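Just below is one structure, and these are the notes that go with it.
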Amino acid sequence: RFEGDTLRIPYFSNRRLDETLPGIRRAVVVVHGTLRNAHAYFHAIEAAAAEVPGADTTSLLVAPQFLTEADVAADTLPDDHLFWAYMGWRQGDQSLSTVAHPRPARISSFAVIDTILLRLAQNLPDLEKIVISGHSAGGQFVNRYAAGNPVHDQLTGAWGLEVQYLFSNPSAYLYLDERRWVPGSAWSFAPPSPEQVAFCPGYDLYKYGLNDLNEYMDIGTATLRAQYSSRRVACLLGGNDNDPNSGYLEKNCEAMLQGETRLQRGLLYRRHLIDTFGMEILANH
């Protein structure tokens, strides 16, 4: 519920989220990719849990489904079901309300995960660890959510939970200062040249940087940097994910300033974090 209104999104899970469930020690929340195929992501982590003895009975798995207006229209869903812009859900933007599909309230897609995590903490008395994971567009989601969410400290403090963020092969990252890799260098970072900025003036705007943040993320750049650097974050990269023409790879100028392929962008982002925070960040990342 949000300010008196009931708001809904679909989700796939091996348990109901509104029940008290003793014996669950680990919860995994997985965020789908561009195709919004939450069912496929749920079945993937379900299959992974089945490979670990006992994990299928001690783990709660949940894959929320972030809808677009086309999804709502196709499924003729009631008007309490939230939906987002095609690019909006992956960066924590507010849900939408249109003339064709009015909604009683609008909230961030990141706030949906806040609600899920807090409900897990409240309803799972034996819970020890939460993993928030995502691949591709879901990886973009988790990368930004790790920096901006306000519930992490509540989960680790009030409930004593271990919280980890795990994302793989996102098409673009949230850079934490205005510097980008200097092509041709080993690992040098500097502000883009005036010519590059003139060609790509939005390179450091959110979702690529910390300028012009959306409502959820607008908590101050110092707070975003501090939160992201202090939290447990792991990034997985595919060694063969090196095709600059790969489908769904963002090829706009903002993304291209982060590298040419998913693999290069991920390796450069790791070096960006070291360049920004020093080698000590590797204790958490």
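Going through the structure tokens in order, the chains are called A, B, and so on, while each chain numbers its residues from 1 and the ligands are numbered from 1 in the order shown.
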**Asked** Among stretch 97-194 of chain A, which residues carry a DSSP assignment of strand (DSSP E), reported as a count of residues only?
**Response** 18
Kindly assemble as CSV a list of the stretch 172-195 of chain A residues that lie within 12 Å of stretch 85-107 of chain A, each paired with its nearest atom pair and their distance in Å to one decimal, using only C-alpha atoms, sorted first by chain and then by ascending residue number.
```
residue,atom,partner,partner_atom,distance
A:Ala172,CA,A:Gln91,CA,10.9
A:Tyr173,CA,A:Gln91,CA,10.4
A:Leu174,CA,A:Gln91,CA,9.7
```
**Asked** Which neighbours of stretch 198-212 of chain A fall inside 9 Å, counting only C-alpha atoms, when residues of the same chain fewer than 6 positions from it are skipped, and could you give them as a PyMOL selection string?
**Response** chain A and resi 91+140+144+172-179+218+220-221+224+253-255+257-258
**Request:** Please report, as a PyMOL selection string, each residue of stretch 78-160 of chain A to which DSSP assigns helix (DSSP H, G or I) when run on this structure's backbone.
**Result:** chain A and resi 89-91+109-123+137-148+152-157
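For the choices A:Thr76, A:Ser59, A:Ser185, A:Asn252, the atom-to-atom distance to A:Leu268 is smallest for A:Ser185 when using only C-alpha atoms.
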**Request:** For each of A:Trp159, A:Phe66, A:Trp187, A:Trp181, take the minimum atom-to-atom distance to A:Phe141, counting only C-alpha atoms, then give the residue where this is smallest.
**Result:** A:Phe66
Mind checking which residues fall within 9 Å of stretch 15-18 of chain A, counting only C-alpha atoms, ignoring those fewer than 4 positions away in the same chain, and posting them as a CSV table (one decimal) with all heavy atoms, in the first residue's frame?
```csv
chain,number,residue,atom,x,y,z
A,60,LEU,N,14.3,-18.7,-0.5
A,60,LEU,CA,13.1,-18.0,-1.2
A,60,LEU,C,13.6,-17.3,-2.4
A,60,LEU,O,14.6,-16.5,-2.3
A,60,LEU,CB,12.4,-17.1,-0.2
A,60,LEU,CG,11.1,-16.5,-0.8
A,60,LEU,CD1,10.1,-16.2,0.4
A,60,LEU,CD2,11.4,-15.2,-1.5
A,61,LEU,N,13.0,-17.6,-3.5
A,61,LEU,CA,13.4,-17.0,-4.8
A,61,LEU,C,12.2,-16.2,-5.3
A,61,LEU,O,11.1,-16.7,-5.4
A,61,LEU,CB,13.7,-18.2,-5.8
A,61,LEU,CG,14.5,-19.3,-5.3
A,61,LEU,CD1,14.6,-20.5,-6.3
A,61,LEU,CD2,15.9,-18.9,-4.9
A,62,VAL,N,12.5,-15.0,-5.8
A,62,VAL,CA,11.5,-14.1,-6.3
A,62,VAL,C,12.0,-13.3,-7.5
A,62,VAL,O,13.1,-12.8,-7.4
A,62,VAL,CB,10.9,-13.2,-5.2
A,62,VAL,CG1,12.0,-12.4,-4.5
A,62,VAL,CG2,9.8,-12.3,-5.7
A,116,ILE,N,9.8,-5.2,-1.3
A,116,ILE,CA,10.0,-6.7,-1.3
A,116,ILE,C,11.0,-7.0,-0.2
A,116,ILE,O,10.8,-8.0,0.6
A,116,ILE,CB,10.4,-7.2,-2.7
A,116,ILE,CG1,9.3,-7.1,-3.7
A,116,ILE,CG2,11.0,-8.6,-2.6
A,116,ILE,CD1,9.7,-7.4,-5.1
A,119,ARG,N,9.6,-6.7,3.3
A,119,ARG,CA,8.7,-7.7,3.6
A,119,ARG,C,9.4,-9.1,3.9
A,119,ARG,O,9.0,-9.8,4.8
A,119,ARG,CB,7.7,-7.9,2.4
A,119,ARG,CG,6.6,-8.9,2.6
A,119,ARG,CD,5.5,-8.9,1.6
A,119,ARG,NE,4.7,-7.7,1.8
A,119,ARG,CZ,3.6,-7.4,1.1
A,119,ARG,NH1,3.2,-8.3,0.2
A,119,ARG,NH2,3.0,-6.3,1.3
A,120,LEU,N,10.4,-9.3,3.1
A,120,LEU,CA,11.2,-10.6,3.4
A,120,LEU,C,11.8,-10.5,4.8
A,120,LEU,O,11.7,-11.5,5.5
A,120,LEU,CB,12.3,-10.7,2.4
A,120,LEU,CG,11.9,-10.9,0.9
A,120,LEU,CD1,13.1,-10.9,0.0
A,120,LEU,CD2,11.1,-12.2,0.7
A,123,ASN,N,9.0,-11.2,7.3
A,123,ASN,CA,8.2,-12.4,7.3
A,123,ASN,C,9.1,-13.7,7.4
A,123,ASN,O,8.6,-14.8,7.5
A,123,ASN,CB,7.4,-12.5,6.0
A,123,ASN,CG,6.2,-11.5,6.0
A,123,ASN,OD1,6.0,-10.9,7.1
A,123,ASN,ND2,5.6,-11.4,4.9
```
**Asked** From the list A:Ala222, A:Val163, A:Val197, A:Leu267, which residue is nearest A:Asn242 when using only C-alpha atoms?
**Response**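 Answer, going by the shortest atom-to-atom distance: A:Leu267.
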